[in-house]
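Visitor: One structure, as structure tokens, below. Some questions next.
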Amino acid sequence: MLVITAFSARADAEKNYLLHCSGCHLPNGIGDPPNTPTLRDTIGKIVATPEGRDYIIRVPGSSQTPMSDQQLADVLNWMLTEFNSETLPKNFEPLSAQEVSSSRGQILADPLKYRARFWPDN
Ligand code: HEC
């Protein structure tokens with residue numbers, strides 16, 4: 001039962017990614033740099049720290065999407081495993097709905113500046 005639930009959460013996450021995120025980040029996540037960043041490989045490194053986990057929830061594209069906390073957590077976890085398998089830390093703990101809920105309200109007003117301060121090399 002648990003396996004079936006996890007499987008359908010993944011299928012829904014992919015659908016939600018395509019519906020709500022791929023318009024800008026493209027279906028395969030490559031985006032259109034420098035205007036729209038890629039979601040491939042880079043964010044796998046960023047989520048190695050608590051600030052990074054928080055950051056990918058707080059960027060406007062994530063935090064303002066019309067999805068529930070659980071749906072957004074599932075989409076972000078899907079992106080991380082689908083597009084970042086090379087860089088994701090081995091001990092990565094999937095984001096939870098609770099974590100999304102507590103970070104989501106603090107939308108980043110200047111995500112590019114914030115990112116440049118914490119992850120200048122990613
Ligand atoms: C309207 C276009 C657009 C949509 C739709 C969009 N994004 Fe973004 N996304 C951006 C832009 C532009 C940035 C760069 C930061 C900024 O200016 O907000 C970004 C940055 C990000 C980042 C940070 C990447 C990094 O390397 O710093 C993540 C994570 C992200 N988006 C996730 C999502 C998710 C998840 C969705 C769907 C729920 C989504 N985005 C939908 C345009 C979009």
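We label chains A, B, ... in the order they appear in the structure tokens, count residues from 1 in each chain, and number ligands from 1 in the order shown.
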Grab me every residue within 8 Å of ligand 1, counting only C-alpha atoms and all ligand atoms, and send it over as a ChimeraX atom specification.
Guide: /A:16-17,20-25,35-39,42-43,46,55-57,59-67,72,75-76,79,110-112,115,122
Visitor: Can you check which residues of chain A DSSP gives as helix (DSSP H, G or I) on the backbone and send them as an NGL selection string?
Guide: :A and (2-20 or 22-25 or 42-46 or 50-58 or 60-63 or 69-83 or 97-104 or 111-118)
Visitor: Quick one: residues within 8 Å of A:Ala48, only C-alpha atoms, excluding same-chain residues fewer than 2 positions away - as a list in words?
Guide: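 These residues fall inside the cut-off: Gly44, Lys45, Ile46, Pro50, Gly52, Arg53, Leu88, Pro89 and Phe92 of chain A.
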Visitor: Please, what distance in Å, to one decimal, runs between atom CA of A:Leu80 and atom CA of A:Asp121?
Guide: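 Here the two named atoms are 18.7 Å from each other.
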Visitor: May I ask which of the residues A:Gln106, A:Glu99, A:Ser8, A:Phe83 is the closest one to A:Pro27, counting only C-alpha atoms?
Guide: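 Closest to A:Pro27, using only C-alpha atoms: A:Phe83.
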Visitor: Measure the distance from atom CA of A:Ala9 to atom CA of A:Asp32 in Å and round it to one decimal.
Guide: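 Between atom CA of A:Ala9 and atom CA of A:Asp32 the gap is 27.5 Å.
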Visitor: So which one's closest to A:Gln70, A:Val100, A:Leu108, A:Leu19, A:Ala116? Using only C-alpha atoms, please.
Guide: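 Using only C-alpha atoms, the shortest distance to A:Gln70 belongs to A:Val100.
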